[in-house]
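Structure file target_29.cif; described as mmCIF, C-alpha atoms.
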data_structure
#
loop_
_atom_site.label_atom_id
_atom_site.label_comp_id
_atom_site.auth_asym_id
_atom_site.auth_seq_id
_atom_site.Cartn_x
_atom_site.Cartn_y
_atom_site.Cartn_z
CA MET V 1437 53.10 15.18 -12.10
CA ALA V 1438 50.53 17.29 -13.96
CA LYS V 1439 47.35 18.45 -12.25
CA VAL V 1440 45.21 16.48 -14.72
CA GLU V 1441 46.94 13.24 -13.72
CA LEU V 1442 46.21 13.95 -10.04
CA LYS V 1443 42.52 14.60 -10.72
CA LYS V 1444 41.97 11.60 -12.99
CA PRO V 1445 41.81 8.98 -10.17
CA VAL V 1446 39.23 11.07 -8.30
CA VAL V 1447 37.05 11.43 -11.41
CA GLU V 1448 37.36 7.68 -12.04
CA GLU V 1449 36.39 6.97 -8.41
CA ILE V 1450 33.24 9.07 -8.77
CA SER V 1451 32.43 7.50 -12.15
CA ALA V 1452 32.79 4.00 -10.71
CA ALA V 1453 30.56 4.87 -7.75
CA ILE V 1454 27.72 6.27 -9.87
CA LYS V 1455 27.94 3.60 -12.58
CA GLY V 1456 25.68 1.05 -10.87
CA ALA V 1457 23.89 3.53 -8.61
CA GLN V 1458 20.13 3.43 -8.19
CA SER V 1459 20.17 6.91 -6.70
CA VAL V 1460 22.52 9.86 -6.37
CA VAL V 1461 21.61 12.84 -4.15
CA LEU V 1462 23.52 16.12 -3.85
CA VAL V 1463 23.46 18.14 -0.63
CA ASP V 1464 24.93 21.36 0.70
CA TYR V 1465 26.50 20.47 4.03
CA ARG V 1466 27.66 23.96 5.09
CA GLY V 1467 26.89 24.76 8.71
CA LEU V 1468 26.73 21.20 10.03
CA THR V 1469 28.53 20.63 13.28
CA VAL V 1470 31.05 17.82 13.59
CA GLU V 1471 28.58 15.84 15.72
CA GLN V 1472 25.81 16.28 13.16
CA ASP V 1473 28.08 15.30 10.28
CA THR V 1474 29.30 12.23 12.17
CA GLU V 1475 25.72 11.17 12.95
CA LEU V 1476 24.63 11.70 9.32
CA ARG V 1477 27.55 9.65 8.00
CA LYS V 1478 26.74 6.88 10.50
CA GLN V 1479 23.08 6.70 9.42
CA LEU V 1480 24.02 6.65 5.74
CA ARG V 1481 26.71 4.01 6.26
CA GLU V 1482 24.26 1.75 8.16
CA ALA V 1483 21.87 1.99 5.19
CA GLY V 1484 24.62 1.04 2.72
CA VAL V 1485 24.87 4.54 1.25
CA THR V 1486 28.21 6.04 0.20
CA TYR V 1487 28.56 9.69 1.28
CA LYS V 1488 31.52 11.78 0.20
CA VAL V 1489 32.54 15.36 -0.39
CA TYR V 1490 34.13 16.02 -3.78
CA LYS V 1491 35.03 19.14 -5.69
CA ASN V 1492 32.24 20.25 -8.01
CA THR V 1493 34.52 20.23 -11.06
CA MET V 1494 35.49 16.60 -10.36
CA MET V 1495 31.83 15.58 -10.05
CA ASN V 1496 30.98 17.54 -13.19
CA PHE V 1497 33.61 15.62 -15.19
CA ALA V 1498 32.43 12.28 -13.77
CA PHE V 1499 28.75 13.06 -14.46
CA LYS V 1500 29.32 13.85 -18.16
CA GLY V 1501 27.66 11.29 -20.43
CA THR V 1502 25.64 9.66 -17.61
CA ASP V 1503 22.16 10.12 -16.14
CA CYS V 1504 23.81 12.27 -13.48
CA GLU V 1505 24.62 14.93 -16.07
CA ALA V 1506 21.24 16.48 -15.14
CA LEU V 1507 22.75 17.32 -11.73
CA ALA V 1508 25.28 19.77 -13.23
CA PRO V 1509 23.14 22.86 -12.43
CA TYR V 1510 23.18 21.90 -8.73
CA LEU V 1511 26.98 21.83 -8.56
CA ALA V 1512 27.39 25.25 -7.00
CA GLY V 1513 28.85 25.87 -3.58
CA PRO V 1514 30.09 23.07 -1.33
CA SER V 1515 28.52 19.78 -2.37
CA ALA V 1516 28.46 16.29 -0.93
CA VAL V 1517 27.08 13.31 -2.78
CA ALA V 1518 25.16 10.34 -1.36
CA ILE V 1519 25.15 7.27 -3.61
CA SER V 1520 23.14 4.08 -3.16
CA THR V 1521 23.43 0.95 -5.27
CA GLU V 1522 20.89 -1.10 -3.29
CA ASP V 1523 17.93 0.95 -2.04
CA ALA V 1524 16.84 3.70 -4.43
CA THR V 1525 15.04 5.74 -1.77
CA ALA V 1526 17.52 5.36 1.11
CA PRO V 1527 19.68 8.46 0.47
CA ALA V 1528 16.65 10.71 -0.04
CA ARG V 1529 14.84 9.26 2.99
CA ILE V 1530 17.81 9.62 5.36
CA LEU V 1531 18.97 13.03 4.12
CA CYS V 1532 15.48 14.60 4.17
CA LYS V 1533 14.76 13.19 7.62
CA PHE V 1534 18.11 14.47 8.89
CA ALA V 1535 17.55 17.89 7.26
CA LYS V 1536 14.44 18.36 9.41
CA THR V 1537 16.54 18.28 12.60
CA ALA V 1538 19.70 19.85 11.15
CA THR V 1539 18.43 22.86 9.22
CA ALA V 1540 21.94 23.60 7.90
CA LEU V 1541 21.75 20.54 5.63
CA GLU V 1542 20.16 21.46 2.31
CA VAL V 1543 19.16 18.90 -0.31
CA LYS V 1544 19.95 20.27 -3.77
CA GLY V 1545 18.65 17.56 -6.09
CA GLY V 1546 19.26 14.05 -7.25
CA ILE V 1547 18.76 11.17 -9.62
CA VAL V 1548 16.59 8.21 -8.62
CA GLU V 1549 16.52 5.26 -11.03
CA GLY V 1550 17.55 7.47 -13.95
CA VAL V 1551 15.05 10.27 -13.30
CA ALA V 1552 16.29 13.72 -12.23
CA TYR V 1553 14.57 15.49 -9.33
CA ASP V 1554 14.97 18.90 -7.74
CA ALA V 1555 14.92 19.39 -3.94
CA LYS V 1556 11.09 19.13 -3.78
CA GLY V 1557 11.13 15.98 -5.90
CA ILE V 1558 13.74 14.36 -3.67
CA GLU V 1559 11.60 15.27 -0.66
CA ASN V 1560 8.65 13.45 -2.28
CA VAL V 1561 10.86 10.44 -3.05
CA SER V 1562 11.92 10.39 0.61
CA LYS V 1563 8.32 9.66 1.61
CA ILE V 1564 8.34 6.35 -0.29
CA PRO V 1565 8.89 3.45 2.11
CA SER V 1566 11.91 1.21 1.70
CA ARG V 1567 11.71 -1.93 -0.41
CA GLU V 1568 11.65 -4.11 2.72
CA GLU V 1569 8.72 -2.14 4.18
CA LEU V 1570 6.77 -2.42 0.92
CA LEU V 1571 7.43 -6.17 0.70
CA SER V 1572 6.34 -6.72 4.30
CA LYS V 1573 3.11 -4.78 3.67
CA LEU V 1574 2.46 -6.84 0.54
CA LEU V 1575 3.11 -10.08 2.38
CA GLY V 1576 0.81 -8.96 5.20
CA SER V 1577 -2.00 -8.16 2.79
CA ILE V 1578 -1.58 -11.50 1.01
CA GLN V 1579 -1.43 -13.41 4.29
CA SER V 1580 -4.39 -11.64 5.91
CA PRO V 1581 -7.26 -13.40 4.05
CA ILE V 1582 -5.67 -16.81 4.62
CA THR V 1583 -5.22 -16.07 8.33
CA ASN V 1584 -8.82 -14.89 8.66
CA PHE V 1585 -10.11 -18.00 6.84
CA ALA V 1586 -8.07 -20.25 9.13
CA ARG V 1587 -9.38 -18.40 12.19
CA VAL V 1588 -13.02 -18.84 11.08
CA MET V 1589 -12.50 -22.52 10.32
CA ASN V 1590 -10.88 -23.00 13.73
CA GLN V 1591 -13.80 -21.31 15.48
CA LEU V 1592 -16.26 -23.51 13.59
CA ALA V 1593 -14.33 -26.62 14.55
CA GLU V 1594 -14.18 -25.56 18.22
CA LYS V 1595 -17.96 -25.02 18.36
CA GLY V 1596 -18.63 -28.24 16.52
CA GLY V 1597 -20.34 -26.10 13.93
CA ALA V 1598 -18.56 -27.66 11.02
CA SER V 1599 -20.41 -30.95 11.49
CA GLU V 1600 -23.69 -29.09 12.07
CA CYS V 1601 -23.18 -27.00 8.93
CA ALA V 1602 -22.36 -30.11 6.91
CA ALA V 1603 -25.47 -31.89 8.28
CA ALA V 1604 -27.62 -28.83 7.52
CA GLU V 1605 -26.34 -28.73 3.94
CA GLU V 1606 -26.96 -32.47 3.43
CA ALA V 1607 -30.52 -32.36 4.82
CA PRO V 1608 -31.92 -29.88 2.26
CA ALA V 1609 -30.10 -31.70 -0.49
CA ALA V 1610 -31.69 -34.99 0.58
CA GLU V 1611 -35.16 -33.36 0.71
CA GLU V 1612 -34.75 -31.82 -2.75
CA ALA V 1613 -33.60 -35.05 -4.36
CA PRO V 1614 -36.91 -36.99 -4.01
CA ALA V 1615 -38.93 -33.96 -5.15
CA ALA V 1616 -36.98 -33.82 -8.36
CA GLU V 1617 -37.93 -37.39 -9.30
#
Turn this file's structure into structure tokens for me.
Amino acid sequence: MAKVELKKPVVEEISAAIKGAQSVVLVDYRGLTVEQDTELRKQLREAGVTYKVYKNTMMNFAFKGTDCEALAPYLAGPSAVAISTEDATAPARILCKFAKTATALEVKGGIVEGVAYDAKGIENVSKIPSREELLSKLLGSIQSPITNFARVMNQLAEKGGASECAAAEEAPAAEEAPAAE
């Protein structure tokens, strides 16, 4: 079997993985201990992120003709790729957070929703909260005025102030009505 035939399935595997990806991040994993690598893989797996080590030439072939082609300059030295199809910021967030404790892990660059970023750019992307966090904040901000209104109305009802306020509004209206005639 020729070498090209052996490499073709690997290139196709990478191509299939990046086809529907929202983000692809490249890292240099040299110097990580087995425990650190195991912990990193566990965190990425829990977030639904695929993390694999491939040869740079295989990734280069798979990246040709895609948005990931911009990552070709970062394919030097040992490289691992983290791919997410669900949460665009998950790989960047997890890898950058992990790189703070494991200094051997170096983020090289990545693609997030079709836009190429260098290591600094990926670090900035990592600061963006997850989709779930953003949705919960939005829901909280939408719900807050309604909750406050309900609380005020409840306090008025408990004090009996709602009937007093209604009576106070009706009294001036009744006084103004005869004056207008």
Given only C-alpha atoms, how would the per-residue table for range 1472-1511 of chain V near range 1452-1458 of chain V read, listing every residue at most 9 Å away with its closest atom pair and distance in Å to one decimal, sorted by chain and number, as JSON lines?
{"residue": "V:Thr1486", "atom": "CA", "partner": "V:Ala1453", "partner_atom": "CA", "distance": 8.4}
{"residue": "V:Ala1498", "atom": "CA", "partner": "V:Ile1454", "partner_atom": "CA", "distance": 8.6}
{"residue": "V:Phe1499", "atom": "CA", "partner": "V:Ile1454", "partner_atom": "CA", "distance": 8.3}
{"residue": "V:Thr1502", "atom": "CA", "partner": "V:Lys1455", "partner_atom": "CA", "distance": 8.2}
{"residue": "V:Cys1504", "atom": "CA", "partner": "V:Ile1454", "partner_atom": "CA", "distance": 8.0}
- Query: At what distance in Å, to one decimal, does CA of Lys1444 in chain V lie from CA of Ala1506 in chain V?
  - Reply: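 Interatomic distance, CA of Ala1506 in chain V to CA of Lys1444 in chain V: 21.4 Å.
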- Just the residues within 8 Å of Gly1467 in chain V, please, counting all atoms listed in the file, with nothing from its chain fewer than 2 positions along; format it as a count of residues only. 4
- Compare V:Ala1518, V:Val1551, V:Leu1511, V:Ala1593 by their minimum atom-to-atom distance to Gln1479 in chain V, counting only C-alpha atoms, and give me the closest one.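 Closest to Gln1479 in chain V of all the choices is V:Ala1518.
What separates CA of Gly1513 in chain V from CA of Met1495 in chain V is a distance of 12.5 Å.
Near Ala1524 in chain V, within 9 Å and counting only C-alpha atoms, sit Ala1457, Gln1458, Ser1459, Val1460, Val1548, Glu1549, Ser1566 and Arg1567 of chain V; same-chain residues fewer than 6 positions away were not included.
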- To one decimal place, how far is CA of Leu1468 in chain V from CA of Tyr1490 in chain V in Å? 16.5 Å
- Message: Since I can't run it myself right now, could you work out what the PyMOL selection byres ((chain V and resi 1484) around 10) selects here and report it as a VMD selection string?
- Response: chain V and resid 1478 to 1483 1485 to 1487 1519 to 1523 1526 to 1527
- Query: What does the PyMOL selection byres ((chain V and resi 1510) around 8) select in this file, as a list in words?
  - Reply: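 Checking the PyMOL selection byres ((chain V and resi 1510) around 8) against this file, the residues are Leu1462, Leu1507, Ala1508, Pro1509, Leu1511, Ala1512, Lys1544 and Gly1545 of chain V.
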- Task: Evaluate the PyMOL selection byres ((chain V and resi 1463) around 6) here and jot the selected residues down as a ChimeraX atom specification.
- Result: /V:1462,1464,1515-1516,1542-1544
- Query: So, counting all atoms listed in the file, which residue among V:Val1461, V:Met1494, V:Ala1538, V:Val1489 is closest to Leu1442 in chain V?
  - Reply: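 Distance minimum relative to Leu1442 in chain V lands on V:Met1494.
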- Task: Determine, counting only C-alpha atoms, which protein, DNA and RNA residues have an atom within 8 Å of an atom of Arg1529 in chain V; residues of the same chain fewer than 5 positions away are not included. Present the result as JSON, numbers by chain.
- Result: {"V": [1559, 1561, 1562, 1563, 1564]}
Starting from 3 Å padding per side, set up an axis-aligned box that covers all listed atoms of range 1458-1467 of chain V and hand over centre and edge lengths in Å, one decimal, as lines of an AutoDock Vina configuration file.
center_x = 23.9
center_y = 14.1
center_z = 0.3
size_x = 13.5
size_y = 27.3
size_z = 22.9
- Compare V:Thr1525, V:Asp1503, V:Val1517, V:Met1589 by their minimum atom-to-atom distance to Leu1570 in chain V, counting only C-alpha atoms, and give me the closest one.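 Looking at the shortest contact to Leu1570 in chain V, the residue is V:Thr1525.
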Since the input has fewer atoms than a full residue there, write range 1512-1544 of chain V out with N, CA and C atoms, as an mmCIF file, in the coordinates of the input.
data_model
loop_
_atom_site.group_PDB
_atom_site.id
_atom_site.type_symbol
_atom_site.label_atom_id
_atom_site.label_comp_id
_atom_site.auth_asym_id
_atom_site.auth_seq_id
_atom_site.Cartn_x
_atom_site.Cartn_y
_atom_site.Cartn_z
ATOM 1 N N ALA V 1512 26.946 23.919 -7.372
ATOM 2 C CA ALA V 1512 27.390 25.250 -7.000
ATOM 3 C C ALA V 1512 27.528 25.285 -5.480
ATOM 4 N N GLY V 1513 28.609 25.856 -5.016
ATOM 5 C CA GLY V 1513 28.850 25.870 -3.580
ATOM 6 C C GLY V 1513 29.330 24.493 -3.114
ATOM 7 N N PRO V 1514 29.617 24.361 -1.850
ATOM 8 C CA PRO V 1514 30.090 23.070 -1.330
ATOM 9 C C PRO V 1514 29.028 21.986 -1.537
ATOM 10 N N SER V 1515 29.454 20.868 -2.081
ATOM 11 C CA SER V 1515 28.520 19.780 -2.370
ATOM 12 C C SER V 1515 29.063 18.455 -1.856
ATOM 13 N N ALA V 1516 28.151 17.674 -1.309
ATOM 14 C CA ALA V 1516 28.460 16.290 -0.930
ATOM 15 C C ALA V 1516 27.493 15.422 -1.713
ATOM 16 N N VAL V 1517 27.904 14.210 -1.995
ATOM 17 C CA VAL V 1517 27.080 13.310 -2.780
ATOM 18 C C VAL V 1517 26.826 12.029 -1.982
ATOM 19 N N ALA V 1518 25.563 11.599 -2.005
ATOM 20 C CA ALA V 1518 25.160 10.340 -1.360
ATOM 21 C C ALA V 1518 24.743 9.394 -2.480
ATOM 22 N N ILE V 1519 25.376 8.213 -2.516
ATOM 23 C CA ILE V 1519 25.150 7.270 -3.610
ATOM 24 C C ILE V 1519 24.720 5.929 -3.036
ATOM 25 N N SER V 1520 23.628 5.387 -3.588
ATOM 26 C CA SER V 1520 23.140 4.080 -3.160
ATOM 27 C C SER V 1520 23.016 3.152 -4.356
ATOM 28 N N THR V 1521 23.541 1.936 -4.205
ATOM 29 C CA THR V 1521 23.430 0.950 -5.270
ATOM 30 C C THR V 1521 22.358 -0.087 -4.954
ATOM 31 N N GLU V 1522 21.844 -0.081 -3.716
ATOM 32 C CA GLU V 1522 20.890 -1.100 -3.290
ATOM 33 C C GLU V 1522 19.465 -0.568 -3.172
ATOM 34 N N ASP V 1523 19.258 0.403 -2.305
ATOM 35 C CA ASP V 1523 17.930 0.950 -2.040
ATOM 36 C C ASP V 1523 17.822 2.330 -2.687
ATOM 37 N N ALA V 1524 16.945 2.458 -3.671
ATOM 38 C CA ALA V 1524 16.840 3.700 -4.430
ATOM 39 C C ALA V 1524 16.362 4.884 -3.594
ATOM 40 N N THR V 1525 15.586 4.631 -2.556
ATOM 41 C CA THR V 1525 15.040 5.740 -1.770
ATOM 42 C C THR V 1525 15.831 6.031 -0.499
ATOM 43 N N ALA V 1526 16.795 5.203 -0.152
ATOM 44 C CA ALA V 1526 17.520 5.360 1.110
ATOM 45 C C ALA V 1526 18.221 6.709 1.261
ATOM 46 N N PRO V 1527 19.022 7.163 0.279
ATOM 47 C CA PRO V 1527 19.680 8.460 0.470
ATOM 48 C C PRO V 1527 18.685 9.598 0.669
ATOM 49 N N ALA V 1528 17.649 9.634 -0.151
ATOM 50 C CA ALA V 1528 16.650 10.710 -0.040
ATOM 51 C C ALA V 1528 15.950 10.644 1.308
ATOM 52 N N ARG V 1529 15.571 9.440 1.728
ATOM 53 C CA ARG V 1529 14.840 9.260 2.990
ATOM 54 C C ARG V 1529 15.693 9.715 4.175
ATOM 55 N N ILE V 1530 16.939 9.285 4.230
ATOM 56 C CA ILE V 1530 17.810 9.620 5.360
ATOM 57 C C ILE V 1530 18.181 11.096 5.352
ATOM 58 N N LEU V 1531 18.551 11.623 4.191
ATOM 59 C CA LEU V 1531 18.970 13.030 4.120
ATOM 60 C C LEU V 1531 17.817 13.982 4.426
ATOM 61 N N CYS V 1532 16.628 13.713 3.905
ATOM 62 C CA CYS V 1532 15.480 14.600 4.170
ATOM 63 C C CYS V 1532 15.056 14.523 5.631
ATOM 64 N N LYS V 1533 15.100 13.333 6.205
ATOM 65 C CA LYS V 1533 14.760 13.190 7.620
ATOM 66 C C LYS V 1533 15.780 13.936 8.482
ATOM 67 N N PHE V 1534 17.050 13.802 8.132
ATOM 68 C CA PHE V 1534 18.110 14.470 8.890
ATOM 69 C C PHE V 1534 18.024 15.986 8.723
ATOM 70 N N ALA V 1535 17.642 16.451 7.526
ATOM 71 C CA ALA V 1535 17.550 17.890 7.260
ATOM 72 C C ALA V 1535 16.463 18.556 8.096
ATOM 73 N N LYS V 1536 15.483 17.779 8.568
ATOM 74 C CA LYS V 1536 14.440 18.360 9.410
ATOM 75 C C LYS V 1536 14.985 18.740 10.781
ATOM 76 N N THR V 1537 15.951 17.976 11.295
ATOM 77 C CA THR V 1537 16.540 18.280 12.600
ATOM 78 C C THR V 1537 17.758 19.186 12.462
ATOM 79 N N ALA V 1538 18.514 19.022 11.395
ATOM 80 C CA ALA V 1538 19.700 19.850 11.150
ATOM 81 C C ALA V 1538 19.388 20.767 9.973
ATOM 82 N N THR V 1539 18.893 21.948 10.277
ATOM 83 C CA THR V 1539 18.430 22.860 9.220
ATOM 84 C C THR V 1539 19.561 23.336 8.314
ATOM 85 N N ALA V 1540 20.813 23.171 8.736
ATOM 86 C CA ALA V 1540 21.940 23.600 7.900
ATOM 87 C C ALA V 1540 22.107 22.698 6.685
ATOM 88 N N LEU V 1541 21.641 21.468 6.757
ATOM 89 C CA LEU V 1541 21.750 20.540 5.630
ATOM 90 C C LEU V 1541 20.674 20.874 4.603
ATOM 91 N N GLU V 1542 21.103 21.092 3.365
ATOM 92 C CA GLU V 1542 20.160 21.460 2.310
ATOM 93 C C GLU V 1542 20.278 20.461 1.152
ATOM 94 N N VAL V 1543 19.182 19.815 0.832
ATOM 95 C CA VAL V 1543 19.160 18.900 -0.310
ATOM 96 C C VAL V 1543 19.041 19.733 -1.573
ATOM 97 N N LYS V 1544 19.941 19.491 -2.525
ATOM 98 C CA LYS V 1544 19.950 20.270 -3.770
ATOM 99 C C LYS V 1544 19.130 19.593 -4.864
#
